[in-house]
Amino acid sequence: MPVTPHKAQRPYRGVFPVAPTIFDERGELDLEGQGRCIDFMIDAGSHGLCILANFSEQFVLTDAERETVMHAVLEHVAGRVPVIVTTTHFSSAVCAARSKQAEAAGAAMVMVMPPYHGATFRVPEKGIVEFFKVLSGAITIPIMIQDAPVAGTPLSVELLARLSREFSNIRYFKIEVPGAASKLRSLIEAGGKDIEGPWDGEEAITLLADLDAGATGAMTGGGYPDGIRQIIDPYFAGDREKAKAAYERWLPLINYENRQCGLIACKAMMQAGGVIKSEAVRHPLQPLHPATRAGLLELAKERDALALRWGK
Ligand SMILES: O=C(O)C(=O)C[C@@H](O)CO
């Protein structure tokens, strides 16, 4: 089915959380729940969404399931917001094919990590440059490079700036390595206008520092876009004091998600608020310990997170 194009203009800015992949208690895709999750995330103020990322448990999906989720979400969003599709793969050809498919399905952007496999398979810088050349040449939508420790591939500021200079679709950078704010600042200096989107990630744990460094987008977990909006809206309106107060208010929950729960936090919040029926993660991922879940929900309730009320 053709997807209604979104109307957002580039450069994309704001809160683009990662949508979890919703499973039922047996571990099967729950596409009805997926739709409700997406509706909640849009109602909660997401400017856009990212799907099939690590926080979407992309590593437990078959290729066929990836395609099912991608088409289901893009059709369900129906142009309400831009959708970023994660197409990471070690193979240049597979990543390019996935990205072409995402563009054809209506994705606004693809997000990609540099090639990596397991703890030790890496390619030298020449291979990384060639990988992104193949990818950039395969599509016409922008590419976000996900600079994250999970890939175990240090990407220098010089390399990132070079990639944006040489390949016209490499325009967005999600920096979630230690020292993210300094790296964002250096990247903006080194890349100039080619750095269309210097973005924050990692559940917004460094959001205020990253905004101060010039970040224009935040890719957070999916549980409380409403809270992240309370930080970035005043910041972009020029009221840093209000943004700082909001960051300090939400930081205990951000910290708890980042350090205690990870990708399951948003599912637990959505399940508690009736957005989705099951917070199941796919085996061998493990459910939250009940005490950890209680701690998360206490912090979310204290901040009146919309997820806890949306489905009731
Ligand atoms: O899912 C991923 O790949 C992430 O990096 C998640 C992160 O952006 C959520 O804050």
# chains A, B, ... in the order shown; residues from 1 in each chain; ligands from 1
$ residues_near_ligand --ligand "ligand 1" --cutoff "7 Å" --atoms "only C-alpha atoms and all ligand atoms" --output "list in words"
Pro17, Val18, Ala53, Asn54, Phe55, Ser56, Ala148, Gly201, Glu202, Glu203, Ala204, Met219, Thr220 and Gly221 of chain A
$ write_last_selection --atoms "N, CA, C and O atoms" --output "PDB file, in the first residue's frame"
ATOM      1  N   PRO A  17      12.183   9.464  19.201  1.00  0.00           N
ATOM      2  CA  PRO A  17      12.519   8.293  20.027  1.00  0.00           C
ATOM      3  C   PRO A  17      12.506   6.994  19.230  1.00  0.00           C
ATOM      4  O   PRO A  17      11.874   6.904  18.179  1.00  0.00           O
ATOM      5  N   VAL A  18      13.165   6.014  19.792  1.00  0.00           N
ATOM      6  CA  VAL A  18      13.151   4.670  19.199  1.00  0.00           C
ATOM      7  C   VAL A  18      11.872   3.959  19.631  1.00  0.00           C
ATOM      8  O   VAL A  18      11.568   3.871  20.826  1.00  0.00           O
ATOM      9  N   ALA A  53      15.744  -0.249  15.618  1.00  0.00           N
ATOM     10  CA  ALA A  53      17.036   0.038  16.243  1.00  0.00           C
ATOM     11  C   ALA A  53      17.351  -1.036  17.287  1.00  0.00           C
ATOM     12  O   ALA A  53      16.614  -2.021  17.433  1.00  0.00           O
ATOM     13  N   ASN A  54      18.433  -0.838  18.009  1.00  0.00           N
ATOM     14  CA  ASN A  54      18.758  -1.820  19.049  1.00  0.00           C
ATOM     15  C   ASN A  54      17.681  -1.834  20.135  1.00  0.00           C
ATOM     16  O   ASN A  54      17.307  -2.891  20.635  1.00  0.00           O
ATOM     17  N   PHE A  55      17.174  -0.649  20.477  1.00  0.00           N
ATOM     18  CA  PHE A  55      16.096  -0.581  21.464  1.00  0.00           C
ATOM     19  C   PHE A  55      14.782  -1.129  20.891  1.00  0.00           C
ATOM     20  O   PHE A  55      13.796  -1.220  21.601  1.00  0.00           O
ATOM     21  N   SER A  56      14.782  -1.469  19.611  1.00  0.00           N
ATOM     22  CA  SER A  56      13.639  -2.170  19.015  1.00  0.00           C
ATOM     23  C   SER A  56      13.926  -3.670  18.939  1.00  0.00           C
ATOM     24  O   SER A  56      13.200  -4.409  18.257  1.00  0.00           O
ATOM     25  N   ALA A 148      27.999   4.697  18.224  1.00  0.00           N
ATOM     26  CA  ALA A 148      27.643   4.117  19.528  1.00  0.00           C
ATOM     27  C   ALA A 148      28.665   3.071  19.937  1.00  0.00           C
ATOM     28  O   ALA A 148      29.210   2.361  19.082  1.00  0.00           O
ATOM     29  N   GLY A 201      21.843  11.054  21.813  1.00  0.00           N
ATOM     30  CA  GLY A 201      21.188   9.734  21.902  1.00  0.00           C
ATOM     31  C   GLY A 201      21.251   9.241  23.334  1.00  0.00           C
ATOM     32  O   GLY A 201      21.173  10.032  24.273  1.00  0.00           O
ATOM     33  N   GLU A 202      21.415   7.958  23.485  1.00  0.00           N
ATOM     34  CA  GLU A 202      21.614   7.313  24.787  1.00  0.00           C
ATOM     35  C   GLU A 202      20.625   7.769  25.853  1.00  0.00           C
ATOM     36  O   GLU A 202      21.015   8.264  26.930  1.00  0.00           O
ATOM     37  N   GLU A 203      19.329   7.626  25.500  1.00  0.00           N
ATOM     38  CA  GLU A 203      18.248   7.888  26.463  1.00  0.00           C
ATOM     39  C   GLU A 203      18.245   9.321  26.992  1.00  0.00           C
ATOM     40  O   GLU A 203      17.637   9.611  28.022  1.00  0.00           O
ATOM     41  N   ALA A 204      18.986  10.209  26.368  1.00  0.00           N
ATOM     42  CA  ALA A 204      19.040  11.624  26.791  1.00  0.00           C
ATOM     43  C   ALA A 204      19.851  11.820  28.070  1.00  0.00           C
ATOM     44  O   ALA A 204      19.746  12.871  28.710  1.00  0.00           O
ATOM     45  N   MET A 219      17.568  11.312  20.106  1.00  0.00           N
ATOM     46  CA  MET A 219      16.966  10.002  19.884  1.00  0.00           C
ATOM     47  C   MET A 219      16.998   9.246  21.205  1.00  0.00           C
ATOM     48  O   MET A 219      18.038   8.769  21.646  1.00  0.00           O
ATOM     49  N   THR A 220      15.840   9.213  21.831  1.00  0.00           N
ATOM     50  CA  THR A 220      15.720   8.688  23.194  1.00  0.00           C
ATOM     51  C   THR A 220      15.015   7.337  23.161  1.00  0.00           C
ATOM     52  O   THR A 220      14.648   6.854  22.091  1.00  0.00           O
ATOM     53  N   GLY A 221      14.766   6.775  24.331  1.00  0.00           N
ATOM     54  CA  GLY A 221      13.884   5.622  24.425  1.00  0.00           C
ATOM     55  C   GLY A 221      12.449   6.097  24.171  1.00  0.00           C
ATOM     56  O   GLY A 221      12.173   7.298  24.151  1.00  0.00           O
TER      57      GLY A 221
END
$ residues_around --residues "Ile175 of chain A" --least-positions-apart "6" --cutoff "8 Å" --atoms "only C-alpha atoms" --output "PyMOL selection string"
chain A and resi 146-148+183-184+198-201
$ closest_residue --among "A:Thr4, A:Thr140, A:Gln34, A:Ser168" --to "Gly79 of chain A" --atoms "only C-alpha atoms"
A:Thr4
$ residues_around --residues "His89 of chain A" --least-positions-apart "4" --cutoff "9 Å" --atoms "only C-alpha atoms" --output "list of chain:residue names"
A:Ala93, A:Val94, A:Cys95, A:Ala96, A:Arg98, A:Val112, A:Met113, A:Pro114, A:Pro115, A:Tyr116, A:His117
$ closest_residue --among "A:Ala64, A:Cys50, A:Val157, A:Val123" --to "Ser182 of chain A" --atoms "only C-alpha atoms"
A:Val157
$ closest_residue --among "A:Pro178, A:Arg303, A:Glu125, A:Arg229" --to "Glu158 of chain A" --atoms "only C-alpha atoms"
A:Glu125
$ select_by_dssp --residues "segment 9-162 of chain A" --states "strand (DSSP E or B)" --output "number ranges by chain"
A: 14-15, 18, 23, 29, 49-51, 83-86, 109-112, 117, 121, 143-147
$ write_last_selection --atoms "N, CA, C and O atoms" --output "PDB file, in the first residue's frame"
ATOM      1  N   GLY A  14      14.368  17.884  16.822  1.00  0.00           N
ATOM      2  CA  GLY A  14      13.462  17.566  17.921  1.00  0.00           C
ATOM      3  C   GLY A  14      13.650  16.173  18.484  1.00  0.00           C
ATOM      4  O   GLY A  14      14.741  15.606  18.457  1.00  0.00           O
ATOM      5  N   VAL A  15      12.536  15.619  18.981  1.00  0.00           N
ATOM      6  CA  VAL A  15      12.569  14.325  19.675  1.00  0.00           C
ATOM      7  C   VAL A  15      12.142  13.232  18.710  1.00  0.00           C
ATOM      8  O   VAL A  15      11.016  13.236  18.209  1.00  0.00           O
ATOM      9  N   VAL A  18      13.165   6.014  19.792  1.00  0.00           N
ATOM     10  CA  VAL A  18      13.151   4.670  19.199  1.00  0.00           C
ATOM     11  C   VAL A  18      11.872   3.959  19.631  1.00  0.00           C
ATOM     12  O   VAL A  18      11.568   3.871  20.826  1.00  0.00           O
ATOM     13  N   PHE A  23       5.830  -7.431  21.156  1.00  0.00           N
ATOM     14  CA  PHE A  23       5.574  -8.873  21.066  1.00  0.00           C
ATOM     15  C   PHE A  23       4.431  -9.246  22.004  1.00  0.00           C
ATOM     16  O   PHE A  23       4.180  -8.544  22.998  1.00  0.00           O
ATOM     17  N   LEU A  29       5.160 -11.268  16.981  1.00  0.00           N
ATOM     18  CA  LEU A  29       4.886  -9.853  16.721  1.00  0.00           C
ATOM     19  C   LEU A  29       3.437  -9.540  17.065  1.00  0.00           C
ATOM     20  O   LEU A  29       2.528 -10.305  16.729  1.00  0.00           O
ATOM     21  N   LEU A  49      10.005   9.327  14.552  1.00  0.00           N
ATOM     22  CA  LEU A  49      10.246   8.048  15.221  1.00  0.00           C
ATOM     23  C   LEU A  49      11.401   7.333  14.543  1.00  0.00           C
ATOM     24  O   LEU A  49      11.693   7.588  13.371  1.00  0.00           O
ATOM     25  N   CYS A  50      12.011   6.438  15.285  1.00  0.00           N
ATOM     26  CA  CYS A  50      13.014   5.551  14.703  1.00  0.00           C
ATOM     27  C   CYS A  50      12.581   4.119  14.987  1.00  0.00           C
ATOM     28  O   CYS A  50      12.169   3.816  16.116  1.00  0.00           O
ATOM     29  N   ILE A  51      12.638   3.274  13.984  1.00  0.00           N
ATOM     30  CA  ILE A  51      12.252   1.868  14.190  1.00  0.00           C
ATOM     31  C   ILE A  51      13.419   0.935  13.852  1.00  0.00           C
ATOM     32  O   ILE A  51      14.377   1.328  13.189  1.00  0.00           O
ATOM     33  N   VAL A  83       9.711   9.026   9.692  1.00  0.00           N
ATOM     34  CA  VAL A  83      10.166   7.776  10.338  1.00  0.00           C
ATOM     35  C   VAL A  83      11.571   7.436   9.837  1.00  0.00           C
ATOM     36  O   VAL A  83      11.818   7.387   8.626  1.00  0.00           O
ATOM     37  N   ILE A  84      12.470   7.208  10.779  1.00  0.00           N
ATOM     38  CA  ILE A  84      13.831   6.752  10.482  1.00  0.00           C
ATOM     39  C   ILE A  84      13.840   5.230  10.605  1.00  0.00           C
ATOM     40  O   ILE A  84      13.368   4.690  11.611  1.00  0.00           O
ATOM     41  N   VAL A  85      14.380   4.556   9.604  1.00  0.00           N
ATOM     42  CA  VAL A  85      14.466   3.089   9.656  1.00  0.00           C
ATOM     43  C   VAL A  85      15.932   2.694   9.838  1.00  0.00           C
ATOM     44  O   VAL A  85      16.796   3.130   9.064  1.00  0.00           O
ATOM     45  N   THR A  86      16.204   1.896  10.836  1.00  0.00           N
ATOM     46  CA  THR A  86      17.569   1.399  11.054  1.00  0.00           C
ATOM     47  C   THR A  86      17.825   0.245  10.085  1.00  0.00           C
ATOM     48  O   THR A  86      17.026  -0.686  10.012  1.00  0.00           O
ATOM     49  N   MET A 109      14.542   8.657   6.523  1.00  0.00           N
ATOM     50  CA  MET A 109      16.000   8.600   6.746  1.00  0.00           C
ATOM     51  C   MET A 109      16.334   7.158   7.128  1.00  0.00           C
ATOM     52  O   MET A 109      15.444   6.411   7.557  1.00  0.00           O
ATOM     53  N   VAL A 110      17.590   6.776   6.942  1.00  0.00           N
ATOM     54  CA  VAL A 110      18.029   5.497   7.513  1.00  0.00           C
ATOM     55  C   VAL A 110      19.095   5.782   8.569  1.00  0.00           C
ATOM     56  O   VAL A 110      19.822   6.780   8.472  1.00  0.00           O
ATOM     57  N   MET A 111      19.137   4.937   9.571  1.00  0.00           N
ATOM     58  CA  MET A 111      20.193   5.048  10.593  1.00  0.00           C
ATOM     59  C   MET A 111      21.050   3.788  10.496  1.00  0.00           C
ATOM     60  O   MET A 111      20.524   2.672  10.422  1.00  0.00           O
ATOM     61  N   VAL A 112      22.363   3.997  10.537  1.00  0.00           N
ATOM     62  CA  VAL A 112      23.292   2.888  10.283  1.00  0.00           C
ATOM     63  C   VAL A 112      24.509   2.986  11.199  1.00  0.00           C
ATOM     64  O   VAL A 112      25.082   4.075  11.359  1.00  0.00           O
ATOM     65  N   HIS A 117      30.872  -7.000  13.641  1.00  0.00           N
ATOM     66  CA  HIS A 117      30.258  -8.291  13.943  1.00  0.00           C
ATOM     67  C   HIS A 117      30.918  -8.837  15.194  1.00  0.00           C
ATOM     68  O   HIS A 117      32.149  -8.955  15.247  1.00  0.00           O
ATOM     69  N   PHE A 121      35.170  -8.706  14.902  1.00  0.00           N
ATOM     70  CA  PHE A 121      35.229  -8.481  13.455  1.00  0.00           C
ATOM     71  C   PHE A 121      34.993  -7.001  13.147  1.00  0.00           C
ATOM     72  O   PHE A 121      33.911  -6.468  13.407  1.00  0.00           O
ATOM     73  N   ILE A 143      21.198   9.850   5.562  1.00  0.00           N
ATOM     74  CA  ILE A 143      21.708   8.756   6.399  1.00  0.00           C
ATOM     75  C   ILE A 143      22.159   9.344   7.725  1.00  0.00           C
ATOM     76  O   ILE A 143      22.841  10.377   7.749  1.00  0.00           O
ATOM     77  N   MET A 144      21.769   8.680   8.805  1.00  0.00           N
ATOM     78  CA  MET A 144      22.304   9.040  10.117  1.00  0.00           C
ATOM     79  C   MET A 144      23.337   7.994  10.507  1.00  0.00           C
ATOM     80  O   MET A 144      23.024   6.793  10.538  1.00  0.00           O
ATOM     81  N   ILE A 145      24.551   8.434  10.784  1.00  0.00           N
ATOM     82  CA  ILE A 145      25.547   7.497  11.307  1.00  0.00           C
ATOM     83  C   ILE A 145      25.347   7.404  12.808  1.00  0.00           C
ATOM     84  O   ILE A 145      25.326   8.427  13.515  1.00  0.00           O
ATOM     85  N   GLN A 146      25.148   6.178  13.282  1.00  0.00           N
ATOM     86  CA  GLN A 146      24.993   5.945  14.722  1.00  0.00           C
ATOM     87  C   GLN A 146      26.368   5.647  15.299  1.00  0.00           C
ATOM     88  O   GLN A 146      26.944   4.585  15.047  1.00  0.00           O
ATOM     89  N   ASP A 147      26.879   6.606  16.038  1.00  0.00           N
ATOM     90  CA  ASP A 147      28.215   6.491  16.633  1.00  0.00           C
ATOM     91  C   ASP A 147      28.039   6.021  18.073  1.00  0.00           C
ATOM     92  O   ASP A 147      27.896   6.825  18.987  1.00  0.00           O
TER      93      ASP A 147
END
$ select_by_dssp --residues "segment 217-256 of chain A" --states "helix (DSSP H, G or I)" --output "ChimeraX atom specification"
/A:225-236,240-256
$ residues_around --residues "Ala181 of chain A" --least-positions-apart "5" --cutoff "6 Å" --atoms "only C-alpha atoms" --output "JSON, numbers by chain"
{"A": [209, 210, 213]}
$ atom_distance --atom1 "atom CA of Ala272 of chain A" --atom2 "atom CA of Ala246 of chain A"
23.5 Å
$ residues_around --residues "Arg249 of chain A" --least-positions-apart "3" --cutoff "10 Å" --atoms "only C-alpha atoms" --output "list in words"
Gly227, Gln230, Ile231, Ala243, Lys244, Ala245, Ala246, Pro252, Leu253, Ile254, Glu302 and Arg303 of chain A
$ write_last_selection --atoms "all heavy atoms" --output "short mmCIF file (atom, residue, chain, number, x, y, z; two decimals), in the first residue's frame"
data_model
loop_
_atom_site.label_atom_id
_atom_site.label_comp_id
_atom_site.auth_asym_id
_atom_site.auth_seq_id
_atom_site.Cartn_x
_atom_site.Cartn_y
_atom_site.Cartn_z
N GLY A 227 8.21 13.94 28.34
CA GLY A 227 9.22 14.49 29.25
C GLY A 227 10.37 15.14 28.51
O GLY A 227 10.86 16.22 28.88
N GLN A 230 9.55 18.47 27.29
CA GLN A 230 9.59 19.52 28.33
C GLN A 230 10.99 20.12 28.48
O GLN A 230 11.16 21.21 28.99
CB GLN A 230 9.12 18.96 29.67
CG GLN A 230 7.63 18.67 29.70
CD GLN A 230 7.20 18.00 30.99
OE1 GLN A 230 7.80 18.20 32.05
NE2 GLN A 230 6.16 17.18 30.92
N ILE A 231 11.99 19.36 28.03
CA ILE A 231 13.38 19.86 28.09
C ILE A 231 13.72 20.62 26.81
O ILE A 231 14.21 21.76 26.86
CB ILE A 231 14.37 18.68 28.27
CG1 ILE A 231 14.02 17.88 29.53
CG2 ILE A 231 15.81 19.19 28.30
CD1 ILE A 231 14.71 16.52 29.63
N ALA A 243 14.66 24.85 30.58
CA ALA A 243 15.09 23.54 30.05
C ALA A 243 15.92 22.79 31.09
O ALA A 243 15.76 21.59 31.30
CB ALA A 243 15.90 23.75 28.77
N LYS A 244 16.79 23.52 31.77
CA LYS A 244 17.66 22.90 32.78
C LYS A 244 16.82 22.36 33.94
O LYS A 244 17.05 21.25 34.43
CB LYS A 244 18.66 23.95 33.28
CG LYS A 244 19.69 23.45 34.24
CD LYS A 244 20.84 24.44 34.33
CE LYS A 244 21.85 24.01 35.35
NZ LYS A 244 21.60 24.56 36.68
N ALA A 245 15.83 23.14 34.35
CA ALA A 245 14.96 22.69 35.45
C ALA A 245 14.22 21.42 35.03
O ALA A 245 14.08 20.47 35.82
CB ALA A 245 13.98 23.80 35.83
N ALA A 246 13.76 21.38 33.78
CA ALA A 246 13.04 20.19 33.30
C ALA A 246 14.00 19.00 33.21
O ALA A 246 13.64 17.87 33.56
CB ALA A 246 12.40 20.48 31.95
N PRO A 252 16.31 11.71 36.99
CA PRO A 252 16.29 10.43 37.72
C PRO A 252 15.65 9.29 36.90
O PRO A 252 16.12 8.16 36.95
CB PRO A 252 15.46 10.75 38.97
CG PRO A 252 15.65 12.22 39.17
CD PRO A 252 15.70 12.80 37.78
N LEU A 253 14.62 9.62 36.14
CA LEU A 253 13.98 8.59 35.31
C LEU A 253 14.88 8.22 34.13
O LEU A 253 15.05 7.05 33.79
CB LEU A 253 12.62 9.10 34.81
CG LEU A 253 11.83 8.15 33.90
CD1 LEU A 253 11.53 6.82 34.60
CD2 LEU A 253 10.53 8.81 33.43
N ILE A 254 15.48 9.24 33.52
CA ILE A 254 16.41 9.00 32.41
C ILE A 254 17.55 8.09 32.88
O ILE A 254 17.92 7.12 32.23
CB ILE A 254 16.97 10.35 31.87
CG1 ILE A 254 15.86 11.18 31.23
CG2 ILE A 254 18.12 10.11 30.91
CD1 ILE A 254 16.27 12.61 30.86
N GLU A 302 5.85 9.75 39.49
CA GLU A 302 6.18 11.04 40.13
C GLU A 302 6.27 12.17 39.10
O GLU A 302 6.05 13.33 39.43
CB GLU A 302 7.53 10.93 40.86
CG GLU A 302 7.44 10.19 42.18
CD GLU A 302 8.82 9.79 42.73
OE1 GLU A 302 9.86 10.18 42.12
OE2 GLU A 302 8.84 9.08 43.74
N ARG A 303 6.63 11.82 37.88
CA ARG A 303 6.76 12.85 36.81
C ARG A 303 5.53 12.91 35.93
O ARG A 303 5.53 13.60 34.92
CB ARG A 303 8.03 12.56 35.99
CG ARG A 303 9.24 13.03 36.75
CD ARG A 303 10.48 12.23 36.51
NE ARG A 303 11.44 12.63 37.54
CZ ARG A 303 11.48 12.10 38.78
NH1 ARG A 303 10.66 11.12 39.12
NH2 ARG A 303 12.34 12.58 39.67
#
$ decode --residues "segment 114-124 of chain A" --atoms "all heavy atoms" --output "PDB file, in the first residue's frame"
ATOM      1  N   PRO A 114      28.512   1.676  11.796  1.00  0.00           N
ATOM      2  CA  PRO A 114      29.577   1.170  10.937  1.00  0.00           C
ATOM      3  C   PRO A 114      29.608  -0.358  11.006  1.00  0.00           C
ATOM      4  O   PRO A 114      29.110  -0.941  11.960  1.00  0.00           O
ATOM      5  CB  PRO A 114      30.843   1.774  11.552  1.00  0.00           C
ATOM      6  CG  PRO A 114      30.483   2.083  12.951  1.00  0.00           C
ATOM      7  CD  PRO A 114      29.012   2.405  12.957  1.00  0.00           C
ATOM      8  N   PRO A 115      30.188  -1.028   9.963  1.00  0.00           N
ATOM      9  CA  PRO A 115      30.171  -2.483   9.956  1.00  0.00           C
ATOM     10  C   PRO A 115      30.887  -3.079  11.171  1.00  0.00           C
ATOM     11  O   PRO A 115      32.010  -2.685  11.468  1.00  0.00           O
ATOM     12  CB  PRO A 115      30.918  -2.848   8.663  1.00  0.00           C
ATOM     13  CG  PRO A 115      31.409  -1.588   8.060  1.00  0.00           C
ATOM     14  CD  PRO A 115      30.878  -0.432   8.818  1.00  0.00           C
ATOM     15  N   TYR A 116      30.213  -4.003  11.843  1.00  0.00           N
ATOM     16  CA  TYR A 116      30.854  -4.708  12.959  1.00  0.00           C
ATOM     17  C   TYR A 116      30.161  -6.045  13.104  1.00  0.00           C
ATOM     18  O   TYR A 116      29.012  -6.213  12.715  1.00  0.00           O
ATOM     19  CB  TYR A 116      30.746  -3.912  14.272  1.00  0.00           C
ATOM     20  CG  TYR A 116      29.380  -3.940  14.893  1.00  0.00           C
ATOM     21  CD1 TYR A 116      29.083  -4.818  15.947  1.00  0.00           C
ATOM     22  CD2 TYR A 116      28.371  -3.111  14.417  1.00  0.00           C
ATOM     23  CE1 TYR A 116      27.814  -4.852  16.502  1.00  0.00           C
ATOM     24  CE2 TYR A 116      27.106  -3.141  14.967  1.00  0.00           C
ATOM     25  CZ  TYR A 116      26.829  -4.010  16.008  1.00  0.00           C
ATOM     26  OH  TYR A 116      25.572  -4.048  16.539  1.00  0.00           O
ATOM     27  N   HIS A 117      30.872  -7.000  13.641  1.00  0.00           N
ATOM     28  CA  HIS A 117      30.258  -8.291  13.943  1.00  0.00           C
ATOM     29  C   HIS A 117      30.918  -8.837  15.194  1.00  0.00           C
ATOM     30  O   HIS A 117      32.149  -8.955  15.247  1.00  0.00           O
ATOM     31  CB  HIS A 117      30.419  -9.274  12.772  1.00  0.00           C
ATOM     32  CG  HIS A 117      29.835 -10.615  13.059  1.00  0.00           C
ATOM     33  ND1 HIS A 117      28.471 -10.829  13.070  1.00  0.00           N
ATOM     34  CD2 HIS A 117      30.408 -11.790  13.397  1.00  0.00           C
ATOM     35  CE1 HIS A 117      28.232 -12.092  13.381  1.00  0.00           C
ATOM     36  NE2 HIS A 117      29.392 -12.701  13.592  1.00  0.00           N
ATOM     37  N   GLY A 118      30.119  -9.151  16.174  1.00  0.00           N
ATOM     38  CA  GLY A 118      30.640  -9.685  17.417  1.00  0.00           C
ATOM     39  C   GLY A 118      31.638  -8.736  18.054  1.00  0.00           C
ATOM     40  O   GLY A 118      31.642  -7.533  17.775  1.00  0.00           O
ATOM     41  N   ALA A 119      32.486  -9.284  18.887  1.00  0.00           N
ATOM     42  CA  ALA A 119      33.416  -8.436  19.637  1.00  0.00           C
ATOM     43  C   ALA A 119      34.661  -8.085  18.841  1.00  0.00           C
ATOM     44  O   ALA A 119      35.362  -7.132  19.176  1.00  0.00           O
ATOM     45  CB  ALA A 119      33.814  -9.137  20.934  1.00  0.00           C
ATOM     46  N   THR A 120      34.918  -8.831  17.767  1.00  0.00           N
ATOM     47  CA  THR A 120      36.236  -8.657  17.139  1.00  0.00           C
ATOM     48  C   THR A 120      36.247  -8.382  15.635  1.00  0.00           C
ATOM     49  O   THR A 120      37.240  -7.908  15.116  1.00  0.00           O
ATOM     50  CB  THR A 120      37.122  -9.907  17.390  1.00  0.00           C
ATOM     51  OG1 THR A 120      36.414 -11.046  16.908  1.00  0.00           O
ATOM     52  CG2 THR A 120      37.446 -10.081  18.854  1.00  0.00           C
ATOM     53  N   PHE A 121      35.170  -8.706  14.902  1.00  0.00           N
ATOM     54  CA  PHE A 121      35.229  -8.481  13.455  1.00  0.00           C
ATOM     55  C   PHE A 121      34.993  -7.001  13.147  1.00  0.00           C
ATOM     56  O   PHE A 121      33.911  -6.468  13.407  1.00  0.00           O
ATOM     57  CB  PHE A 121      34.174  -9.326  12.713  1.00  0.00           C
ATOM     58  CG  PHE A 121      34.589 -10.752  12.536  1.00  0.00           C
ATOM     59  CD1 PHE A 121      34.212 -11.706  13.462  1.00  0.00           C
ATOM     60  CD2 PHE A 121      35.365 -11.138  11.445  1.00  0.00           C
ATOM     61  CE1 PHE A 121      34.587 -13.030  13.311  1.00  0.00           C
ATOM     62  CE2 PHE A 121      35.745 -12.456  11.287  1.00  0.00           C
ATOM     63  CZ  PHE A 121      35.365 -13.406  12.224  1.00  0.00           C
ATOM     64  N   ARG A 122      36.007  -6.337  12.599  1.00  0.00           N
ATOM     65  CA  ARG A 122      35.932  -4.922  12.246  1.00  0.00           C
ATOM     66  C   ARG A 122      36.602  -4.747  10.890  1.00  0.00           C
ATOM     67  O   ARG A 122      37.329  -5.631  10.423  1.00  0.00           O
ATOM     68  CB  ARG A 122      36.689  -4.049  13.271  1.00  0.00           C
ATOM     69  CG  ARG A 122      36.153  -4.121  14.679  1.00  0.00           C
ATOM     70  CD  ARG A 122      34.769  -3.486  14.811  1.00  0.00           C
ATOM     71  NE  ARG A 122      34.240  -3.611  16.161  1.00  0.00           N
ATOM     72  CZ  ARG A 122      33.626  -4.693  16.647  1.00  0.00           C
ATOM     73  NH1 ARG A 122      33.451  -5.767  15.891  1.00  0.00           N
ATOM     74  NH2 ARG A 122      33.183  -4.728  17.886  1.00  0.00           N
ATOM     75  N   VAL A 123      36.383  -3.595  10.264  1.00  0.00           N
ATOM     76  CA  VAL A 123      37.108  -3.317   9.021  1.00  0.00           C
ATOM     77  C   VAL A 123      37.931  -2.057   9.235  1.00  0.00           C
ATOM     78  O   VAL A 123      37.576  -1.200  10.046  1.00  0.00           O
ATOM     79  CB  VAL A 123      36.152  -3.154   7.811  1.00  0.00           C
ATOM     80  CG1 VAL A 123      35.445  -4.450   7.507  1.00  0.00           C
ATOM     81  CG2 VAL A 123      35.141  -2.041   8.041  1.00  0.00           C
ATOM     82  N   PRO A 124      39.038  -1.918   8.496  1.00  0.00           N
ATOM     83  CA  PRO A 124      39.844  -0.710   8.651  1.00  0.00           C
ATOM     84  C   PRO A 124      39.108   0.498   8.066  1.00  0.00           C
ATOM     85  O   PRO A 124      38.092   0.348   7.381  1.00  0.00           O
ATOM     86  CB  PRO A 124      41.112  -1.029   7.842  1.00  0.00           C
ATOM     87  CG  PRO A 124      40.692  -2.083   6.876  1.00  0.00           C
ATOM     88  CD  PRO A 124      39.589  -2.856   7.518  1.00  0.00           C
TER      89      PRO A 124
END
